[in-house]
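Text of start-v6.cif (mmCIF, C-alpha atoms) as supplied:
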```
data_entry
#
loop_
_atom_site.label_atom_id
_atom_site.label_comp_id
_atom_site.auth_asym_id
_atom_site.auth_seq_id
_atom_site.Cartn_x
_atom_site.Cartn_y
_atom_site.Cartn_z
CA MET Q 1 -12.99 12.24 40.48
CA ASP Q 2 -10.43 11.87 37.68
CA HIS Q 3 -12.75 13.06 34.92
CA LEU Q 4 -10.44 12.12 32.06
CA ALA Q 5 -9.97 8.57 33.34
CA ARG Q 6 -13.73 8.25 33.75
CA ALA Q 7 -14.24 9.60 30.23
CA HIS Q 8 -12.03 6.83 28.84
CA GLU Q 9 -14.01 4.23 30.78
CA LEU Q 10 -17.31 5.62 29.54
CA LEU Q 11 -16.12 5.64 25.92
CA ALA Q 12 -15.00 2.03 26.22
CA ALA Q 13 -18.62 1.12 26.95
CA HIS Q 14 -20.34 3.79 24.83
CA PRO Q 15 -17.96 4.86 22.07
CA VAL Q 16 -18.45 7.89 19.88
CA VAL Q 17 -20.47 7.61 16.69
CA ASP Q 18 -19.11 10.63 14.85
CA GLY Q 19 -21.35 12.11 12.18
CA HIS Q 20 -18.78 13.46 9.76
CA ASN Q 21 -15.13 12.85 8.84
CA ASP Q 22 -13.66 13.99 5.49
CA LEU Q 23 -10.75 11.53 5.36
CA PRO Q 24 -11.81 10.18 1.91
CA TRP Q 25 -11.58 13.64 0.32
CA ALA Q 26 -8.26 14.34 2.08
CA LEU Q 27 -6.90 11.11 0.60
CA ARG Q 28 -8.06 12.22 -2.85
CA GLU Q 29 -6.54 15.68 -2.53
CA GLN Q 30 -3.27 14.68 -0.92
CA VAL Q 31 -2.28 11.42 -2.57
CA GLY Q 32 -4.85 10.59 -5.26
CA TYR Q 33 -6.21 7.72 -3.14
CA ASP Q 34 -2.79 6.05 -2.80
CA LEU Q 35 -3.29 4.33 0.56
CA ASP Q 36 0.35 3.31 0.72
CA ALA Q 37 1.29 6.99 0.70
CA ARG Q 38 -1.19 7.71 3.52
CA ASP Q 39 -1.29 4.45 5.44
CA ILE Q 40 -3.59 5.20 8.36
CA ALA Q 41 -2.17 2.19 10.20
CA ALA Q 42 0.86 4.46 10.66
CA ASP Q 43 1.07 7.77 12.50
CA GLN Q 44 -0.29 10.50 10.21
CA ARG Q 45 0.08 13.45 12.59
CA GLY Q 46 0.95 16.61 10.67
CA LEU Q 47 -0.69 15.20 7.55
CA LEU Q 48 -4.14 14.06 8.62
CA HIS Q 49 -6.40 14.42 11.64
CA THR Q 50 -7.22 10.73 11.37
CA ASP Q 51 -5.38 7.45 11.70
CA LEU Q 52 -6.30 4.15 13.31
CA ALA Q 53 -4.32 4.60 16.52
CA ARG Q 54 -5.86 8.01 17.15
CA LEU Q 55 -9.37 6.74 16.38
CA ARG Q 56 -8.80 4.08 19.02
CA ALA Q 57 -7.35 6.59 21.48
CA GLY Q 58 -10.35 8.84 20.93
CA GLY Q 59 -12.87 6.13 21.74
CA VAL Q 60 -14.47 6.17 18.28
CA GLY Q 61 -16.75 3.20 17.73
CA GLY Q 62 -18.67 4.40 14.68
CA GLN Q 63 -17.73 6.81 11.92
CA PHE Q 64 -19.77 8.27 9.11
CA TRP Q 65 -17.11 8.77 6.45
CA SER Q 66 -18.09 11.67 4.23
CA VAL Q 67 -18.12 10.84 0.52
CA TYR Q 68 -18.03 14.55 -0.26
CA VAL Q 69 -17.28 16.13 -3.62
CA ARG Q 70 -16.79 19.84 -4.28
CA THR Q 71 -19.69 21.79 -5.77
CA ASP Q 72 -17.65 22.88 -8.78
CA LEU Q 73 -18.01 19.24 -9.82
CA THR Q 74 -21.46 19.02 -11.39
CA GLY Q 75 -23.56 16.61 -13.42
CA ASP Q 76 -22.03 13.23 -14.18
CA ALA Q 77 -18.61 14.46 -12.96
CA ALA Q 78 -20.08 14.89 -9.46
CA VAL Q 79 -21.60 11.41 -9.58
CA SER Q 80 -18.32 9.84 -10.74
CA ALA Q 81 -16.33 11.61 -8.02
CA THR Q 82 -18.84 10.43 -5.40
CA LEU Q 83 -18.41 6.87 -6.64
CA GLU Q 84 -14.65 7.24 -6.29
CA GLN Q 85 -15.14 8.40 -2.71
CA ILE Q 86 -17.34 5.37 -1.99
CA ASP Q 87 -14.68 3.17 -3.56
CA VAL Q 88 -11.90 4.45 -1.30
CA VAL Q 89 -14.03 3.87 1.81
CA ALA Q 90 -14.53 0.28 0.66
CA GLU Q 91 -10.78 0.01 0.12
CA LEU Q 92 -10.08 1.31 3.63
CA ILE Q 93 -12.46 -1.22 5.18
CA ALA Q 94 -10.92 -4.08 3.18
CA ARG Q 95 -7.37 -2.96 4.01
CA TYR Q 96 -7.90 -2.72 7.78
CA PRO Q 97 -10.41 -5.48 8.63
CA THR Q 98 -9.30 -5.88 12.24
CA HIS Q 99 -10.07 -2.21 12.88
CA LEU Q 100 -12.93 -1.27 10.55
CA ARG Q 101 -16.25 -2.97 9.84
CA ARG Q 102 -18.66 -2.03 7.08
CA ALA Q 103 -21.93 -0.90 8.63
CA LEU Q 104 -25.27 -0.44 6.87
CA THR Q 105 -27.73 -0.74 9.75
CA ALA Q 106 -28.13 0.00 13.44
CA ASP Q 107 -27.57 -3.70 14.12
CA ASP Q 108 -24.25 -3.48 12.26
CA LEU Q 109 -23.21 -0.68 14.60
CA GLU Q 110 -23.92 -2.88 17.60
CA LYS Q 111 -22.11 -5.84 16.05
CA ALA Q 112 -19.04 -3.71 15.37
CA ARG Q 113 -19.01 -2.53 18.98
CA ALA Q 114 -19.27 -6.13 20.23
CA GLU Q 115 -16.35 -7.10 17.96
CA GLY Q 116 -14.21 -4.17 19.04
CA ARG Q 117 -14.15 -2.71 15.54
CA ILE Q 118 -15.08 0.75 14.26
CA ALA Q 119 -18.38 0.71 12.40
CA SER Q 120 -17.82 2.45 9.08
CA LEU Q 121 -20.80 4.13 7.46
CA MET Q 122 -20.98 6.69 4.66
CA GLY Q 123 -22.70 10.02 4.14
CA ALA Q 124 -22.85 11.91 0.84
CA GLU Q 125 -22.28 15.63 1.37
CA GLY Q 126 -24.36 17.64 -1.08
CA GLY Q 127 -27.36 16.90 -3.26
CA HIS Q 128 -25.30 17.73 -6.35
CA SER Q 129 -23.96 14.19 -5.90
CA ILE Q 130 -27.18 12.70 -7.33
CA ASN Q 131 -27.36 14.98 -10.41
CA ASN Q 132 -31.11 15.54 -9.96
CA SER Q 133 -31.80 11.81 -10.27
CA LEU Q 134 -33.80 9.72 -7.81
CA GLY Q 135 -32.40 6.61 -9.47
CA THR Q 136 -28.90 7.81 -8.64
CA LEU Q 137 -30.03 8.47 -5.06
CA ARG Q 138 -31.21 4.87 -4.77
CA ALA Q 139 -27.98 3.59 -6.32
CA LEU Q 140 -25.94 5.45 -3.68
CA TYR Q 141 -28.06 3.83 -0.99
CA GLU Q 142 -27.42 0.39 -2.49
CA LEU Q 143 -23.69 1.17 -2.40
CA GLY Q 144 -23.92 1.84 1.34
CA VAL Q 145 -24.56 5.59 1.66
CA ARG Q 146 -26.76 6.09 4.72
CA TYR Q 147 -27.24 9.84 4.76
CA MET Q 148 -27.19 12.66 2.24
CA THR Q 149 -26.56 16.27 3.19
CA LEU Q 150 -29.03 18.09 0.97
CA THR Q 151 -26.59 20.85 0.00
CA HIS Q 152 -23.00 21.81 0.56
CA ASN Q 153 -21.80 25.42 0.40
CA ASP Q 154 -23.69 26.37 -2.76
CA ASN Q 155 -27.32 26.23 -3.82
CA ILE Q 156 -28.45 23.35 -5.97
CA ASP Q 157 -31.44 23.23 -8.31
CA TRP Q 158 -33.84 22.04 -5.63
CA ALA Q 159 -32.50 23.39 -2.31
CA ASP Q 160 -30.85 26.50 -0.88
CA SER Q 161 -27.53 26.40 0.94
CA ALA Q 162 -26.87 28.21 4.22
CA THR Q 163 -23.86 29.97 2.68
CA ASP Q 164 -25.32 31.06 -0.66
CA LEU Q 165 -27.91 33.67 -1.65
CA ARG Q 166 -31.50 32.59 -0.98
CA ARG Q 167 -33.15 31.58 -4.24
CA LEU Q 168 -36.01 29.18 -3.47
CA GLY Q 169 -36.72 30.02 0.15
CA GLY Q 170 -36.54 26.33 0.99
CA LEU Q 171 -37.10 23.11 -0.94
CA SER Q 172 -38.54 23.01 -4.44
CA ALA Q 173 -41.24 20.49 -5.33
CA PHE Q 174 -38.51 18.11 -6.48
CA GLY Q 175 -36.62 18.74 -3.25
CA HIS Q 176 -39.64 17.60 -1.25
CA GLU Q 177 -39.77 14.47 -3.43
CA VAL Q 178 -36.08 13.80 -2.70
CA VAL Q 179 -36.83 13.89 1.02
CA ARG Q 180 -39.80 11.55 0.62
CA GLU Q 181 -37.73 9.09 -1.41
CA MET Q 182 -34.92 9.21 1.16
CA ASN Q 183 -37.52 8.32 3.80
CA ARG Q 184 -38.79 5.44 1.67
CA ILE Q 185 -35.36 3.87 1.13
CA GLY Q 186 -34.06 4.51 4.66
CA MET Q 187 -31.45 7.16 3.91
CA LEU Q 188 -31.14 9.81 6.62
CA VAL Q 189 -31.90 13.39 5.59
CA ASP Q 190 -28.92 15.49 6.71
CA LEU Q 191 -29.59 19.21 7.19
CA SER Q 192 -26.10 20.48 7.90
CA HIS Q 193 -25.11 23.16 5.34
CA VAL Q 194 -28.69 23.92 4.29
CA ALA Q 195 -30.54 27.24 4.58
CA ASP Q 196 -33.04 27.73 7.39
CA GLY Q 197 -35.98 27.39 5.02
CA VAL Q 198 -34.71 24.02 3.85
CA MET Q 199 -34.31 22.87 7.45
CA ARG Q 200 -37.92 23.72 8.21
CA ASP Q 201 -39.31 22.34 4.94
CA ALA Q 202 -37.43 19.06 5.32
CA ILE Q 203 -38.55 18.54 8.92
CA ALA Q 204 -42.15 19.28 7.92
CA THR Q 205 -41.98 16.80 5.02
CA SER Q 206 -39.89 14.01 6.52
CA THR Q 207 -41.66 11.05 8.10
CA ALA Q 208 -38.32 9.82 9.47
CA PRO Q 209 -35.94 11.51 11.89
CA VAL Q 210 -33.51 13.97 10.31
CA ILE Q 211 -29.94 14.62 11.36
CA PHE Q 212 -27.49 17.48 11.36
CA SER Q 213 -24.25 15.57 10.82
CA HIS Q 214 -21.96 18.48 11.76
CA SER Q 215 -23.68 21.67 12.95
CA SER Q 216 -23.70 23.58 16.23
CA ALA Q 217 -25.95 26.15 17.94
CA ARG Q 218 -26.61 29.50 16.29
CA ALA Q 219 -27.60 31.06 19.62
CA VAL Q 220 -24.04 30.44 20.84
CA CYS Q 221 -22.29 31.45 17.60
CA ASP Q 222 -24.31 33.39 15.04
CA HIS Q 223 -23.21 31.68 11.83
CA PRO Q 224 -25.60 30.49 9.10
CA ARG Q 225 -24.06 27.01 9.25
CA ASN Q 226 -25.45 26.59 12.76
CA ILE Q 227 -28.94 25.57 13.86
CA PRO Q 228 -31.45 28.17 15.06
CA ASP Q 229 -33.27 27.48 18.30
CA ASP Q 230 -36.71 26.97 16.71
CA VAL Q 231 -35.26 24.17 14.58
CA LEU Q 232 -33.49 22.59 17.57
CA ALA Q 233 -36.80 22.75 19.43
CA ALA Q 234 -38.53 20.91 16.56
CA LEU Q 235 -36.23 17.89 16.79
CA PRO Q 236 -38.05 16.04 19.62
CA ALA Q 237 -41.29 15.82 17.62
CA ASN Q 238 -39.33 14.67 14.56
CA GLY Q 239 -37.02 12.33 16.49
CA GLY Q 240 -33.91 13.79 14.89
CA VAL Q 241 -30.37 14.33 16.17
CA ALA Q 242 -28.15 17.42 15.92
CA MET Q 243 -24.45 16.52 16.00
CA ALA Q 244 -22.24 19.37 17.21
CA THR Q 245 -19.29 20.23 15.02
CA PHE Q 246 -15.85 21.38 16.14
CA VAL Q 247 -14.98 23.77 13.28
CA PRO Q 248 -13.74 26.96 15.00
CA LYS Q 249 -15.24 29.35 12.45
CA PHE Q 250 -18.67 27.88 13.19
CA VAL Q 251 -18.41 27.69 16.97
CA LEU Q 252 -16.38 30.70 18.12
CA PRO Q 253 -17.79 34.16 17.35
CA GLU Q 254 -14.32 35.75 17.38
CA ALA Q 255 -13.16 33.31 14.70
CA VAL Q 256 -15.75 34.29 12.10
CA ALA Q 257 -14.09 37.52 10.87
CA TRP Q 258 -10.61 36.00 11.14
CA THR Q 259 -11.68 33.08 8.98
CA LEU Q 260 -13.05 35.34 6.27
CA ALA Q 261 -9.63 37.00 6.05
CA ALA Q 262 -7.82 33.64 6.07
CA ASP Q 263 -10.07 32.30 3.31
CA ARG Q 264 -9.45 35.43 1.24
CA ASN Q 265 -5.70 34.88 1.68
CA MET Q 266 -6.04 31.34 0.35
CA ARG Q 267 -7.88 32.53 -2.74
CA GLU Q 268 -5.22 35.18 -3.33
CA HIS Q 269 -2.70 32.32 -3.46
CA GLY Q 270 -4.82 30.54 -6.06
CA LEU Q 271 -6.07 27.84 -3.68
CA HIS Q 272 -9.53 26.77 -2.59
CA HIS Q 273 -10.29 27.94 0.93
CA LEU Q 274 -11.15 24.35 1.99
CA ASP Q 275 -7.82 22.97 0.74
CA THR Q 276 -6.00 21.02 3.48
CA THR Q 277 -3.01 19.78 1.45
CA PRO Q 278 0.45 20.35 2.97
CA GLN Q 279 1.01 23.31 0.59
CA ALA Q 280 -2.25 24.91 1.70
CA MET Q 281 -1.51 24.30 5.35
CA ARG Q 282 1.84 26.10 5.01
CA ILE Q 283 -0.01 29.13 3.64
CA HIS Q 284 -2.48 28.90 6.51
CA GLU Q 285 0.38 28.69 9.01
CA ASP Q 286 2.14 31.74 7.52
CA PHE Q 287 -1.09 33.73 7.72
CA GLU Q 288 -1.66 32.62 11.29
CA ALA Q 289 1.86 33.65 12.27
CA ALA Q 290 1.17 37.17 11.02
CA HIS Q 291 -2.42 37.28 12.28
CA PRO Q 292 -2.88 35.22 15.48
CA ARG Q 293 -5.96 33.04 15.29
CA PRO Q 294 -8.74 33.25 17.89
CA GLU Q 295 -8.65 29.82 19.49
CA ALA Q 296 -11.64 27.64 20.19
CA THR Q 297 -11.26 25.13 23.03
CA VAL Q 298 -12.97 22.08 24.42
CA ALA Q 299 -15.03 24.45 26.56
CA THR Q 300 -16.30 26.21 23.41
CA ILE Q 301 -17.77 22.94 22.13
CA ALA Q 302 -19.16 22.10 25.55
CA ASP Q 303 -20.95 25.46 25.57
CA HIS Q 304 -22.70 24.50 22.33
CA LEU Q 305 -23.64 21.08 23.66
CA ASP Q 306 -24.99 22.59 26.88
CA HIS Q 307 -27.24 24.86 24.83
CA MET Q 308 -28.30 22.14 22.38
CA ARG Q 309 -29.21 19.83 25.26
CA ALA Q 310 -31.26 22.60 26.91
CA VAL Q 311 -33.25 23.35 23.74
CA ALA Q 312 -33.52 19.99 21.94
CA GLY Q 313 -33.17 17.59 24.85
CA ILE Q 314 -30.58 14.94 25.61
CA ASP Q 315 -32.18 12.41 23.24
CA HIS Q 316 -31.54 14.64 20.22
CA ILE Q 317 -27.87 15.58 20.25
CA GLY Q 318 -24.64 13.98 19.11
CA ILE Q 319 -21.13 14.71 17.82
CA GLY Q 320 -19.86 15.39 14.28
CA GLY Q 321 -16.32 16.69 14.44
CA ASP Q 322 -15.62 17.36 10.71
CA TYR Q 323 -12.05 16.16 11.04
CA ASP Q 324 -9.93 16.28 7.87
CA GLY Q 325 -12.48 18.72 6.46
CA THR Q 326 -11.19 21.80 8.26
CA ALA Q 327 -7.81 23.48 8.47
CA PHE Q 328 -8.17 24.36 12.16
CA THR Q 329 -9.43 22.52 15.21
CA PRO Q 330 -10.02 23.53 18.85
CA ARG Q 331 -7.36 23.22 21.52
CA GLY Q 332 -7.87 19.85 23.16
CA LEU Q 333 -9.68 18.53 20.09
CA GLU Q 334 -6.79 18.75 17.66
CA ASP Q 335 -7.58 15.41 16.03
CA VAL Q 336 -9.75 12.30 16.44
CA SER Q 337 -7.96 11.32 19.65
CA GLY Q 338 -9.50 14.28 21.47
CA TYR Q 339 -13.03 13.08 22.23
CA PRO Q 340 -12.16 11.98 25.80
CA ASN Q 341 -11.22 15.60 26.58
CA LEU Q 342 -14.71 16.71 25.58
CA ILE Q 343 -16.40 13.98 27.61
CA ALA Q 344 -14.24 14.90 30.62
CA GLU Q 345 -15.29 18.55 30.29
CA LEU Q 346 -18.97 17.55 30.19
CA LEU Q 347 -18.47 15.35 33.27
CA ARG Q 348 -16.96 18.35 35.04
CA ARG Q 349 -20.09 20.30 34.10
CA GLY Q 350 -22.31 17.71 35.74
CA TRP Q 351 -23.50 15.69 32.77
CA SER Q 352 -24.58 12.25 33.90
CA GLU Q 353 -23.04 9.10 32.51
CA GLY Q 354 -26.43 8.14 31.13
CA ASP Q 355 -26.67 11.43 29.27
CA LEU Q 356 -23.17 11.02 27.88
CA ALA Q 357 -23.95 7.50 26.65
CA LYS Q 358 -26.84 9.00 24.65
CA LEU Q 359 -24.61 11.74 23.27
CA THR Q 360 -21.83 9.44 22.14
CA TRP Q 361 -23.56 6.24 21.04
CA GLN Q 362 -27.22 5.68 21.74
CA ASN Q 363 -28.81 8.61 19.92
CA ALA Q 364 -26.97 7.91 16.66
CA VAL Q 365 -27.86 4.22 16.75
CA ARG Q 366 -31.48 5.01 17.57
CA VAL Q 367 -31.94 7.54 14.76
CA LEU Q 368 -30.63 5.05 12.19
CA ARG Q 369 -32.88 2.31 13.57
CA ASP Q 370 -35.89 4.64 13.44
CA ALA Q 371 -35.16 5.52 9.81
CA GLU Q 372 -34.99 1.81 8.99
CA ALA Q 373 -38.42 1.28 10.58
CA VAL Q 374 -39.95 4.14 8.58
CA ALA Q 375 -38.49 2.70 5.39
CA ARG Q 376 -40.04 -0.71 6.05
CA ASP Q 377 -43.44 0.90 6.57
CA GLU Q 378 -43.22 3.10 3.51
CA GLN Q 379 -41.98 0.34 1.23
CA SER Q 380 -45.04 -1.70 2.20
CA THR Q 381 -47.33 0.96 0.72
CA ARG Q 382 -45.46 2.52 -2.22
CA GLY Q 383 -42.75 1.79 -4.71
CA PRO Q 384 -39.85 3.86 -6.01
CA SER Q 385 -40.51 7.36 -7.24
CA HIS Q 386 -39.59 8.06 -10.85
CA ALA Q 387 -40.46 11.75 -10.72
CA THR Q 388 -38.05 14.07 -12.51
CA ILE Q 389 -37.02 17.60 -11.72
CA GLU Q 390 -38.38 18.68 -15.11
CA GLU Q 391 -41.82 17.33 -14.24
CA LEU Q 392 -41.97 18.83 -10.76
CA ASP Q 393 -39.96 22.03 -11.16
CA GLY Q 394 -40.16 22.50 -14.90
CA GLY Q 395 -41.80 25.91 -14.88
CA ARG Q 396 -39.25 27.24 -12.42
CA LEU Q 397 -36.32 25.69 -14.31
CA ARG Q 398 -37.34 27.48 -17.48
#
```

Please, can you express the file's structure as structure tokens?
Amino acid sequence: MDHLARAHELLAAHPVVDGHNDLPWALREQVGYDLDARDIAADQRGLLHTDLARLRAGGVGGQFWSVYVRTDLTGDAAVSATLEQIDVVAELIARYPTHLRRALTADDLEKARAEGRIASLMGAEGGHSINNSLGTLRALYELGVRYMTLTHNDNIDWADSATDLRRLGGLSAFGHEVVREMNRIGMLVDLSHVADGVMRDAIATSTAPVIFSHSSARAVCDHPRNIPDDVLAALPANGGVAMATFVPKFVLPEAVAWTLAADRNMREHGLHHLDTTPQAMRIHEDFEAAHPRPEATVATIADHLDHMRAVAGIDHIGIGGDYDGTAFTPRGLEDVSGYPNLIAELLRRGWSEGDLAKLTWQNAVRVLRDAEAVARDEQSTRGPSHATIEELDGGRLR
């Protein structure tokens, strides 16, 4: 069997719904949202991981665009920057209507597939984006945001991050209320980036399926950004989906120490370690020339997916590449055109076509549909929460 040819055929019928792409932030950082300067209808290789031709070549049928803002933006500044990210996604959809379709529901995903367009959804990356306000959370939902990652790389007032010092041990009382309100409005609770205690608290509290928009298996690569096996094993009862990421420093054990040194080098040059501007990439390339980088491959990602399928089950896994949010990508998955290489590798490993259809398309559509059903039920019994962090966490905040 020609596995790559079969992978292309499978993706034509069951395209990838990718959980996380940071193109909006890359556009902010590189060109200040000037879409003429980064016209993704043209070839953007060497500048971006993402353009329309490569999305098509990769068999992408649905994309959660991350409306991420850095955690050094706080308060109203974080909210404003999130709104700017939402605005540029809207501009992209309006600019490329034959390629992109705004999607708010599972039905919209199916309609986009039938039309041959890429369903474009949004996910907010980090609870700092709502500035401790449930009203702001609801406003983001009304603007089209369909998941929120509870933290990014740093703790917030009501939840611990995987990559910060443990402070709460999980969710605060207000954090639990955020999860309940997300359930009520139909916004998916995303547990990528959060500490283990937050993962477990959120799954225990949530009445809707949760997602991990871009996280892999900790048993395969022991990094706090990955998902421990007990949490993967809890997904079937919750109905959630864990979407494997491609970021080498999260998936390849040998890359962890190298990445710490590379990040330190970036800071020594006065740049943020997540910077992917051309200037930053030149510094990365110089460092890599002097210190060869351990290289993740398609097989590395397939190893994670094999393990995630074994622990969580085929109905509870997906893909979240994190393109344009990482400086480095695996060989064979250099950009958004690479998904067929991964599907071909899984075919070689004996994955059935039915299993692959769940991985690429069906699980993501189902989890969104299930969250919509929970929201309808909850809205029939209770209205919006107006709880404040001062009321619920006041003693701790003082």

List the residues selected by the PyMOL selection byres ((chain Q and resi 109) around 9) in the file shown, writing them as a ChimeraX atom specification. /Q:17,61-62,101-108,110-114,118-121,365

Which residues are near region 280-289 of chain Q? Cut-off 9 Å, only C-alpha atoms, ignore same chain within fewer than 4 positions. Put them as a PyMOL selection string. chain Q and resi 262-263+265-266+269+271-276+293+327

When the PyMOL selection byres ((chain Q and resi 3) around 8) is applied to the structure above, which residues does it catch, written out as number ranges by chain? Q: 1-2, 4-7, 344-345, 347-348

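With CA of Asp324 (chain Q) on one side and CA of Val247 (chain Q) on the other, the separation reads 10.5 Å.
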
Of Q:Gly169, Q:Pro292, Q:Pro224, Q:Gly19, the one nearest to Leu188 (chain Q) when counting all atoms listed in the file is Q:Gly19
